[in-house]
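Asker: This is entry_27.txt, which holds compact mmCIF, C-alpha atoms and all ligand atoms:
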# COMPACT_ATOMS: atom_id res chain seq x y z
CA MET A 1 4.94 0.78 9.29
CA VAL A 2 6.11 -2.65 10.45
CA ARG A 3 8.47 -4.81 8.38
CA SER A 4 8.57 -7.95 10.55
CA TYR A 5 5.80 -10.41 11.41
CA THR A 6 5.24 -13.59 13.44
CA ASP A 7 3.90 -16.77 11.80
CA GLN A 8 0.51 -16.29 13.49
CA PRO A 9 -2.19 -16.27 10.82
CA VAL A 10 -4.57 -13.34 10.29
CA PRO A 11 -8.26 -14.27 10.75
CA PRO A 12 -10.19 -14.04 7.44
CA GLU A 13 -12.82 -11.82 9.12
CA SER A 14 -10.08 -9.30 9.97
CA ILE A 15 -9.04 -9.21 6.32
CA GLU A 16 -12.67 -8.62 5.31
CA ARG A 17 -13.04 -5.71 7.75
CA ILE A 18 -9.78 -4.20 6.50
CA LEU A 19 -11.06 -4.50 2.91
CA ASP A 20 -14.34 -2.85 3.96
CA ALA A 21 -12.25 0.12 5.06
CA ALA A 22 -10.17 0.06 1.84
CA VAL A 23 -13.18 0.20 -0.46
CA ARG A 24 -14.82 2.93 1.67
CA ALA A 25 -11.89 5.28 1.04
CA PRO A 26 -12.92 8.40 -0.89
CA SER A 27 -12.37 8.69 -4.63
CA ALA A 28 -12.40 11.71 -6.94
CA GLY A 29 -15.77 12.09 -8.63
CA PHE A 30 -16.64 8.82 -6.87
CA SER A 31 -14.73 7.18 -9.72
CA GLN A 32 -13.91 4.22 -7.45
CA GLY A 33 -10.80 3.40 -9.43
CA GLN A 34 -8.98 1.63 -6.60
CA ARG A 35 -8.42 -2.11 -7.11
CA PHE A 36 -7.01 -4.64 -4.65
CA ILE A 37 -5.50 -8.11 -4.84
CA VAL A 38 -5.46 -9.97 -1.54
CA VAL A 39 -2.74 -12.59 -1.46
CA THR A 40 -2.60 -15.21 1.31
CA ASP A 41 -1.19 -18.18 -0.64
CA SER A 42 2.31 -18.74 0.72
CA ASP A 43 3.88 -19.67 -2.64
CA MET A 44 2.48 -16.51 -4.19
CA ARG A 45 3.68 -14.41 -1.25
CA GLY A 46 7.11 -15.94 -1.72
CA ALA A 47 7.03 -15.09 -5.42
CA ILE A 48 5.98 -11.50 -4.66
CA ALA A 49 8.83 -11.27 -2.14
CA GLU A 50 11.29 -12.47 -4.77
CA ALA A 51 9.86 -9.97 -7.28
CA ALA A 52 11.11 -7.37 -4.77
CA GLY A 53 14.49 -9.09 -4.44
CA GLU A 54 13.93 -10.29 -0.87
CA SER A 55 16.80 -12.82 -0.87
CA ASP A 56 19.25 -10.05 -1.71
CA PHE A 57 17.96 -7.95 1.19
CA VAL A 58 18.17 -10.94 3.56
CA ALA A 59 21.75 -11.60 2.39
CA ARG A 60 22.52 -7.98 3.32
CA GLY A 61 21.22 -8.55 6.88
CA PHE A 62 17.62 -7.35 6.65
CA ASN A 63 14.56 -9.22 7.99
CA ARG A 64 12.66 -11.58 5.73
CA TRP A 65 9.81 -9.06 5.36
CA LEU A 66 7.31 -9.85 2.60
CA SER A 67 7.40 -13.64 2.49
CA ARG A 68 6.77 -13.81 6.28
CA ALA A 69 3.79 -11.47 6.22
CA PRO A 70 0.68 -13.71 6.17
CA VAL A 71 -1.32 -11.26 4.06
CA HIS A 72 -0.41 -9.01 1.16
CA ILE A 73 -2.80 -6.48 -0.30
CA VAL A 74 -1.64 -5.24 -3.68
CA ILE A 75 -3.06 -1.75 -4.29
CA CYS A 76 -3.76 -0.93 -7.92
CA VAL A 77 -5.59 1.80 -9.80
CA ASP A 78 -7.60 1.80 -12.99
CA THR A 79 -6.87 5.20 -14.53
CA GLN A 80 -9.57 4.62 -17.11
CA ALA A 81 -12.21 4.82 -14.36
CA TYR A 82 -11.15 8.47 -13.80
CA LEU A 83 -10.81 9.42 -17.44
CA GLY A 84 -14.26 7.95 -18.12
CA ARG A 85 -15.89 9.56 -15.08
CA TYR A 86 -14.43 13.01 -15.76
CA ALA A 87 -15.71 12.85 -19.36
CA GLU A 88 -19.29 12.54 -18.07
CA SER A 89 -21.73 15.44 -18.47
CA ASP A 90 -21.75 16.51 -14.80
CA LYS A 91 -17.95 16.92 -14.83
CA SER A 92 -16.13 19.70 -16.62
CA GLY A 93 -13.47 17.28 -17.77
CA THR A 94 -9.76 17.85 -17.50
CA ASP A 95 -6.92 17.04 -19.82
CA SER A 96 -4.08 18.25 -17.67
CA TRP A 97 -4.47 16.20 -14.49
CA ASP A 98 -1.88 18.34 -12.70
CA VAL A 99 -2.71 16.33 -9.62
CA PRO A 100 -3.76 12.89 -10.89
CA TYR A 101 -6.54 11.93 -8.50
CA TRP A 102 -5.95 8.18 -8.86
CA TRP A 103 -2.73 8.40 -6.85
CA ILE A 104 -4.49 10.40 -4.14
CA ASP A 105 -7.26 7.81 -3.93
CA ALA A 106 -4.78 4.94 -3.79
CA GLY A 107 -3.11 6.76 -0.88
CA ALA A 108 -6.46 7.17 0.86
CA SER A 109 -7.08 3.42 0.53
CA LEU A 110 -3.56 2.70 1.77
CA MET A 111 -4.22 4.82 4.87
CA ALA A 112 -7.58 3.11 5.44
CA ILE A 113 -5.86 -0.28 5.23
CA LEU A 114 -3.14 0.81 7.68
CA TYR A 115 -5.70 2.10 10.20
CA GLY A 116 -7.91 -0.95 9.57
CA ALA A 117 -5.00 -3.25 10.40
CA VAL A 118 -4.29 -1.36 13.63
CA ASP A 119 -7.99 -1.58 14.56
CA GLU A 120 -7.69 -5.37 14.23
CA GLY A 121 -4.70 -5.44 16.58
CA LEU A 122 -2.41 -6.11 13.61
CA ALA A 123 0.53 -4.32 12.04
CA ALA A 124 1.12 -3.28 8.45
CA GLY A 125 3.86 -1.98 6.19
CA PHE A 126 4.03 -0.68 2.63
CA LEU A 127 6.49 -1.39 -0.14
CA GLY A 128 6.15 0.89 -3.14
CA GLY A 129 5.49 -0.47 -6.62
CA HIS A 130 8.89 0.78 -7.79
CA ALA A 131 10.49 -2.03 -5.77
CA PHE A 132 8.97 -4.86 -7.84
CA THR A 133 9.76 -6.43 -11.18
CA GLY A 134 7.25 -8.54 -13.09
CA LEU A 135 4.23 -8.18 -10.76
CA HIS A 136 1.79 -7.67 -13.65
CA SER A 137 2.51 -11.06 -15.14
CA LEU A 138 2.93 -12.82 -11.78
CA LEU A 139 -0.52 -11.67 -10.62
CA CYS A 140 -2.20 -11.66 -14.08
CA ILE A 141 -2.92 -7.93 -13.77
CA PRO A 142 -4.18 -6.36 -17.02
CA GLY A 143 -1.68 -3.97 -18.61
CA ARG A 144 -3.95 -0.89 -18.29
CA ILE A 145 -3.94 -1.25 -14.47
CA ASP A 146 -1.20 0.53 -12.50
CA ILE A 147 0.33 -1.07 -9.43
CA VAL A 148 0.85 1.37 -6.55
CA GLY A 149 2.47 -1.04 -4.11
CA VAL A 150 1.99 -3.88 -1.67
CA VAL A 151 0.73 -3.62 1.92
CA THR A 152 1.92 -6.39 4.23
CA ILE A 153 -0.30 -7.28 7.19
CA GLY A 154 0.31 -9.58 10.15
CA HIS A 155 1.08 -9.79 13.82
CA SER A 156 4.03 -7.59 14.66
CA ALA A 157 7.40 -9.18 15.53
CA PRO A 158 10.41 -7.24 16.80
CA ASP A 159 11.25 -4.88 13.96
CA GLN A 160 14.45 -3.55 12.53
CA ARG A 161 13.69 -0.05 11.31
CA PRO A 162 15.78 1.24 8.42
CA ARG A 163 18.39 3.79 9.53
CA SER A 164 16.69 6.47 7.43
CA LEU A 165 13.62 6.25 9.70
CA GLN A 166 15.48 6.66 12.96
CA LYS A 167 15.61 10.44 12.71
CA GLY A 168 12.02 10.75 13.97
CA ARG A 169 9.27 13.05 12.78
CA LEU A 170 9.82 16.70 11.91
CA PRO A 171 8.88 19.24 14.56
CA ARG A 172 5.24 20.29 14.24
CA ASP A 173 6.09 23.92 13.43
CA GLU A 174 7.90 22.78 10.27
CA THR A 175 4.88 20.94 8.94
CA VAL A 176 1.78 22.76 10.24
CA HIS A 177 1.01 26.45 9.84
CA HIS A 178 -1.82 28.38 11.48
CA ASP A 179 -3.81 31.12 9.73
CA HIS A 180 -1.03 31.71 7.16
CA TRP A 181 2.22 29.99 6.03
C1 LIG A 201 4.09 6.17 -0.93
C2 LIG A 201 4.96 5.43 0.07
C3 LIG A 201 5.97 4.62 -0.38
C4 LIG A 201 6.74 3.90 0.52
N1 LIG A 201 7.66 3.03 0.05
C5 LIG A 201 8.36 2.31 0.93
C6 LIG A 201 9.29 1.36 0.46
O1 LIG A 201 9.45 1.17 -0.75
N2 LIG A 201 10.01 0.65 1.37
C7 LIG A 201 9.82 0.81 2.71
O2 LIG A 201 10.47 0.12 3.50
N3 LIG A 201 8.95 1.70 3.20
C8 LIG A 201 8.22 2.45 2.33
N4 LIG A 201 7.32 3.36 2.81
C9 LIG A 201 7.20 3.57 4.29
C10 LIG A 201 8.02 4.78 4.74
O3 LIG A 201 9.38 4.57 4.44
C11 LIG A 201 7.88 5.02 6.27
O4 LIG A 201 8.01 3.81 6.98
C12 LIG A 201 6.58 5.59 6.69
O5 LIG A 201 6.17 6.65 5.91
C13 LIG A 201 6.76 6.09 8.11
O6 LIG A 201 5.79 5.53 8.90
P1 LIG A 201 6.19 4.85 10.29
O7 LIG A 201 6.85 5.88 11.14
O8 LIG A 201 4.89 4.39 10.81
O9 LIG A 201 7.11 3.74 9.92
C14 LIG A 201 6.53 4.06 1.93
C15 LIG A 201 5.52 4.91 2.38
C16 LIG A 201 4.72 5.57 1.47
C17 LIG A 201 3.61 6.44 1.99
In structure tokens, how does this file's structure come out?
Ligand SMILES: Cc1cc2nc3c(=O)[nH]c(=O)nc-3n(C[C@H](O)[C@H](O)[C@H](O)COP(=O)(O)O)c2cc1C

Answerer:
Amino acid sequence: MVRSYTDQPVPPESIERILDAAVRAPSAGFSQGQRFIVVTDSDMRGAIAEAAGESDFVARGFNRWLSRAPVHIVICVDTQAYLGRYAESDKSGTDSWDVPYWWIDAGASLMAILYGAVDEGLAAGFLGGHAFTGLHSLLCIPGRIDIVGVVTIGHSAPDQRPRSLQKGRLPRDETVHHDHW
């Protein structure tokens, strides 16, 4: 994940190819409940940045992250697409949703977007939906739609990784097991 970008614009055809990847991500029952808002307008990007309190972060010494990123992709899900699909006759239905598939599918689209950006020679970062206030009204998103978060995309500039990320990845034998746990 990259949290710092140059002012170089992202070609529209790159955005289209990244979106092709996003909408090709798998979805449970082929419910296709993932929804995306692509934001390139600089005023709107500034407003999204402020909805995440960017000026406060900048005042505390962090990079201007969201407002500088030339492209935002807001990842949303329509839960109703899953509830409707799983009520159809070829599905057994479920009322528990121990593992709500819409979050999994949003994650699959996020990963496709991240890889898609890298394929275009770009960089991307993700800020979770918890970080924003008022995005529904800012972006005119219907109330039944859940916002998962915002992916920023652009040309990478020297980054300032949060201290919590400097520890590196866990050793493989802590995360991968072979034949049994
Ligand atoms: C679901 C999810 C939520 C995340 N939320 C944030 C966030 O709110 N702020 C942030 O700076 N990074 C966020 N990240 C990014 C992670 O902190 C971290 O950068 C990433 O998992 C590690 O990838 P990297 O080594 O490529 O940076 C999030 C990642 C995921 C998958």

Asker: With 7 Å as the cut-off and only C-alpha atoms and all ligand atoms counted, what is the closest atom pair between each nearby residue of chain A and ligand LIG 201 (chain A)? Distances in Å to one decimal, ordered by chain and number, as a tab-separated table.

Answerer:
residue	atom	partner	partner_atom	distance
A:Met1	CA	A:LIG201	O9	3.7
A:Val2	CA	A:LIG201	O9	6.5
A:Gly125	CA	A:LIG201	C9	6.8
A:Phe126	CA	A:LIG201	N4	5.2
A:Leu127	CA	A:LIG201	O1	4.0
A:Gly128	CA	A:LIG201	O1	4.1
A:Ala131	CA	A:LIG201	O1	6.0
A:Leu165	CA	A:LIG201	O4	6.7

Asker: Compare A:Leu110, A:Cys76, A:Ala49, A:Ala81 by their minimum atom-to-atom distance to Arg64 (chain A), counting all atoms listed in the file, and give me the closest one.

Answerer: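 That would be A:Ala49, the residue with the smallest distance to Arg64 (chain A).
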
Asker: Counting only C-alpha atoms, which of A:Arg161, A:Arg60, A:His155, A:His136 gets nearest to Ala117 (chain A)?

Answerer: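 Checking each candidate against Ala117 (chain A), we get A:His155 as the closest.
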
Asker: With a cut-off of 12 Å, could you pull out the residues of region 68-140 of chain A touching region 31-45 of chain A and give me the nearest pair of atoms for each, distance in Å to one decimal, using only C-alpha atoms, ordered by chain and ascending number, as JSON lines?

Answerer:
{"residue": "A:Arg68", "atom": "CA", "partner": "A:Arg45", "partner_atom": "CA", "distance": 8.2}
{"residue": "A:Ala69", "atom": "CA", "partner": "A:Arg45", "partner_atom": "CA", "distance": 8.0}
{"residue": "A:Pro70", "atom": "CA", "partner": "A:Thr40", "partner_atom": "CA", "distance": 6.1}
{"residue": "A:Val71", "atom": "CA", "partner": "A:Thr40", "partner_atom": "CA", "distance": 5.0}
{"residue": "A:His72", "atom": "CA", "partner": "A:Val39", "partner_atom": "CA", "distance": 5.0}
{"residue": "A:Ile73", "atom": "CA", "partner": "A:Val38", "partner_atom": "CA", "distance": 4.6}
{"residue": "A:Val74", "atom": "CA", "partner": "A:Ile37", "partner_atom": "CA", "distance": 4.9}
{"residue": "A:Ile75", "atom": "CA", "partner": "A:Phe36", "partner_atom": "CA", "distance": 4.9}
{"residue": "A:Cys76", "atom": "CA", "partner": "A:Arg35", "partner_atom": "CA", "distance": 4.9}
{"residue": "A:Val77", "atom": "CA", "partner": "A:Gln34", "partner_atom": "CA", "distance": 4.7}
{"residue": "A:Asp78", "atom": "CA", "partner": "A:Gly33", "partner_atom": "CA", "distance": 5.0}
{"residue": "A:Thr79", "atom": "CA", "partner": "A:Gly33", "partner_atom": "CA", "distance": 6.7}
{"residue": "A:Gln80", "atom": "CA", "partner": "A:Gly33", "partner_atom": "CA", "distance": 7.9}
{"residue": "A:Ala81", "atom": "CA", "partner": "A:Gly33", "partner_atom": "CA", "distance": 5.3}
{"residue": "A:Tyr82", "atom": "CA", "partner": "A:Ser31", "partner_atom": "CA", "distance": 5.6}
{"residue": "A:Leu83", "atom": "CA", "partner": "A:Ser31", "partner_atom": "CA", "distance": 8.9}
{"residue": "A:Gly84", "atom": "CA", "partner": "A:Ser31", "partner_atom": "CA", "distance": 8.4}
{"residue": "A:Arg85", "atom": "CA", "partner": "A:Ser31", "partner_atom": "CA", "distance": 6.0}
{"residue": "A:Tyr86", "atom": "CA", "partner": "A:Ser31", "partner_atom": "CA", "distance": 8.4}
{"residue": "A:Ala87", "atom": "CA", "partner": "A:Ser31", "partner_atom": "CA", "distance": 11.2}
{"residue": "A:Glu88", "atom": "CA", "partner": "A:Ser31", "partner_atom": "CA", "distance": 10.9}
{"residue": "A:Lys91", "atom": "CA", "partner": "A:Ser31", "partner_atom": "CA", "distance": 11.5}
{"residue": "A:Pro100", "atom": "CA", "partner": "A:Gly33", "partner_atom": "CA", "distance": 11.9}
{"residue": "A:Tyr101", "atom": "CA", "partner": "A:Ser31", "partner_atom": "CA", "distance": 9.5}
{"residue": "A:Trp102", "atom": "CA", "partner": "A:Gly33", "partner_atom": "CA", "distance": 6.8}
{"residue": "A:Trp103", "atom": "CA", "partner": "A:Gln34", "partner_atom": "CA", "distance": 9.2}
{"residue": "A:Ile104", "atom": "CA", "partner": "A:Gln34", "partner_atom": "CA", "distance": 10.2}
{"residue": "A:Asp105", "atom": "CA", "partner": "A:Gln34", "partner_atom": "CA", "distance": 6.9}
{"residue": "A:Ala106", "atom": "CA", "partner": "A:Gln34", "partner_atom": "CA", "distance": 6.0}
{"residue": "A:Gly107", "atom": "CA", "partner": "A:Gln34", "partner_atom": "CA", "distance": 9.7}
{"residue": "A:Ala108", "atom": "CA", "partner": "A:Gln34", "partner_atom": "CA", "distance": 9.6}
{"residue": "A:Ser109", "atom": "CA", "partner": "A:Gln34", "partner_atom": "CA", "distance": 7.6}
{"residue": "A:Leu110", "atom": "CA", "partner": "A:Gln34", "partner_atom": "CA", "distance": 10.0}
{"residue": "A:Ile113", "atom": "CA", "partner": "A:Phe36", "partner_atom": "CA", "distance": 10.9}
{"residue": "A:Leu135", "atom": "CA", "partner": "A:Met44", "partner_atom": "CA", "distance": 10.8}
{"residue": "A:His136", "atom": "CA", "partner": "A:Ile37", "partner_atom": "CA", "distance": 11.4}
{"residue": "A:Leu138", "atom": "CA", "partner": "A:Met44", "partner_atom": "CA", "distance": 8.5}
{"residue": "A:Leu139", "atom": "CA", "partner": "A:Ile37", "partner_atom": "CA", "distance": 8.4}
{"residue": "A:Cys140", "atom": "CA", "partner": "A:Ile37", "partner_atom": "CA", "distance": 10.4}

Asker: Write to file, as a PDB file, in the coordinates of the input, the residues of the selection just made, with C-alpha atoms.

Answerer:
ATOM      1  CA  ARG A  68       6.770 -13.810   6.280  1.00  0.00           C
ATOM      2  CA  ALA A  69       3.790 -11.470   6.220  1.00  0.00           C
ATOM      3  CA  PRO A  70       0.680 -13.710   6.170  1.00  0.00           C
ATOM      4  CA  VAL A  71      -1.320 -11.260   4.060  1.00  0.00           C
ATOM      5  CA  HIS A  72      -0.410  -9.010   1.160  1.00  0.00           C
ATOM      6  CA  ILE A  73      -2.800  -6.480  -0.300  1.00  0.00           C
ATOM      7  CA  VAL A  74      -1.640  -5.240  -3.680  1.00  0.00           C
ATOM      8  CA  ILE A  75      -3.060  -1.750  -4.290  1.00  0.00           C
ATOM      9  CA  CYS A  76      -3.760  -0.930  -7.920  1.00  0.00           C
ATOM     10  CA  VAL A  77      -5.590   1.800  -9.800  1.00  0.00           C
ATOM     11  CA  ASP A  78      -7.600   1.800 -12.990  1.00  0.00           C
ATOM     12  CA  THR A  79      -6.870   5.200 -14.530  1.00  0.00           C
ATOM     13  CA  GLN A  80      -9.570   4.620 -17.110  1.00  0.00           C
ATOM     14  CA  ALA A  81     -12.210   4.820 -14.360  1.00  0.00           C
ATOM     15  CA  TYR A  82     -11.150   8.470 -13.800  1.00  0.00           C
ATOM     16  CA  LEU A  83     -10.810   9.420 -17.440  1.00  0.00           C
ATOM     17  CA  GLY A  84     -14.260   7.950 -18.120  1.00  0.00           C
ATOM     18  CA  ARG A  85     -15.890   9.560 -15.080  1.00  0.00           C
ATOM     19  CA  TYR A  86     -14.430  13.010 -15.760  1.00  0.00           C
ATOM     20  CA  ALA A  87     -15.710  12.850 -19.360  1.00  0.00           C
ATOM     21  CA  GLU A  88     -19.290  12.540 -18.070  1.00  0.00           C
ATOM     22  CA  LYS A  91     -17.950  16.920 -14.830  1.00  0.00           C
ATOM     23  CA  PRO A 100      -3.760  12.890 -10.890  1.00  0.00           C
ATOM     24  CA  TYR A 101      -6.540  11.930  -8.500  1.00  0.00           C
ATOM     25  CA  TRP A 102      -5.950   8.180  -8.860  1.00  0.00           C
ATOM     26  CA  TRP A 103      -2.730   8.400  -6.850  1.00  0.00           C
ATOM     27  CA  ILE A 104      -4.490  10.400  -4.140  1.00  0.00           C
ATOM     28  CA  ASP A 105      -7.260   7.810  -3.930  1.00  0.00           C
ATOM     29  CA  ALA A 106      -4.780   4.940  -3.790  1.00  0.00           C
ATOM     30  CA  GLY A 107      -3.110   6.760  -0.880  1.00  0.00           C
ATOM     31  CA  ALA A 108      -6.460   7.170   0.860  1.00  0.00           C
ATOM     32  CA  SER A 109      -7.080   3.420   0.530  1.00  0.00           C
ATOM     33  CA  LEU A 110      -3.560   2.700   1.770  1.00  0.00           C
ATOM     34  CA  ILE A 113      -5.860  -0.280   5.230  1.00  0.00           C
ATOM     35  CA  LEU A 135       4.230  -8.180 -10.760  1.00  0.00           C
ATOM     36  CA  HIS A 136       1.790  -7.670 -13.650  1.00  0.00           C
ATOM     37  CA  LEU A 138       2.930 -12.820 -11.780  1.00  0.00           C
ATOM     38  CA  LEU A 139      -0.520 -11.670 -10.620  1.00  0.00           C
ATOM     39  CA  CYS A 140      -2.200 -11.660 -14.080  1.00  0.00           C
TER      40      CYS A 140
END

Asker: As AutoDock Vina command-line options, please report the centre and edge lengths, rounded to one decimal in Å, of the axis-aligned box that holds all listed atoms of region 91-108 of chain A with 5 Å of padding on each of the six sides.

Answerer:
--center_x -9.9 --center_y 12.3 --center_z -9.5 --size_x 26.1 --size_y 24.8 --size_z 30.7

Asker: One decimal, in Å: what's the spacing between CA of Asp119 (chain A) and CA of Ser156 (chain A)?

Answerer: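 Rounded to one decimal, the two atoms are 13.4 Å apart.
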
Asker: Mind pulling up the distance from CA of Ala28 (chain A) to CA of Ala112 (chain A)?

Answerer: 15.8 Å

Asker: Please report the interatomic distance between CA of Gln166 (chain A) and CA of Ala21 (chain A) in Å with one decimal.

Answerer: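 These atoms are spaced 29.6 Å apart.
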
Asker: A:Thr6, A:Ser96, A:Ser14, A:Thr152: which is nearest Leu114 (chain A), counting all atoms listed in the file?

Answerer: A:Thr152

Asker: Write out as JSON, numbers by chain each polymer residue whose atoms come within 12 Å of Pro162 (chain A), counting all atoms listed in the file; drop sequence neighbours fewer than 2 positions from it.

Answerer: {"A": [1, 2, 3, 4, 57, 61, 62, 63, 159, 160, 164, 165, 166, 167, 168]}

Asker: Export, as a tab-separated table (two decimals), keeping the file's coordinate frame, the selected residues with C-alpha atoms.

Answerer:
chain	number	residue	atom	x	y	z
A	1	MET	CA	4.94	0.78	9.29
A	2	VAL	CA	6.11	-2.65	10.45
A	3	ARG	CA	8.47	-4.81	8.38
A	4	SER	CA	8.57	-7.95	10.55
A	57	PHE	CA	17.96	-7.95	1.19
A	61	GLY	CA	21.22	-8.55	6.88
A	62	PHE	CA	17.62	-7.35	6.65
A	63	ASN	CA	14.56	-9.22	7.99
A	159	ASP	CA	11.25	-4.88	13.96
A	160	GLN	CA	14.45	-3.55	12.53
A	164	SER	CA	16.69	6.47	7.43
A	165	LEU	CA	13.62	6.25	9.70
A	166	GLN	CA	15.48	6.66	12.96
A	167	LYS	CA	15.61	10.44	12.71
A	168	GLY	CA	12.02	10.75	13.97

Asker: May I ask which of the residues A:Gly154, A:Gly134, A:Gly121, A:Gly29 is the closest one to Gln8 (chain A), counting all atoms listed in the file?

Answerer: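 Closest residue, counting all atoms listed in the file: A:Gly154.
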
Asker: Just the residues within 9 Å of Gly46 (chain A), please, counting all atoms listed in the file, with nothing from its chain fewer than 6 positions along; format it as a ChimeraX atom specification.

Answerer: /A:54,66-68

Asker: Go through A:Arg172, A:Pro11, A:Asp95, A:Ala22 and flag the residue nearest Gly116 (chain A), using all atoms listed in the file for the distances.

Answerer: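 Among the listed residues, the smallest separation from Gly116 (chain A) belongs to A:Ala22.
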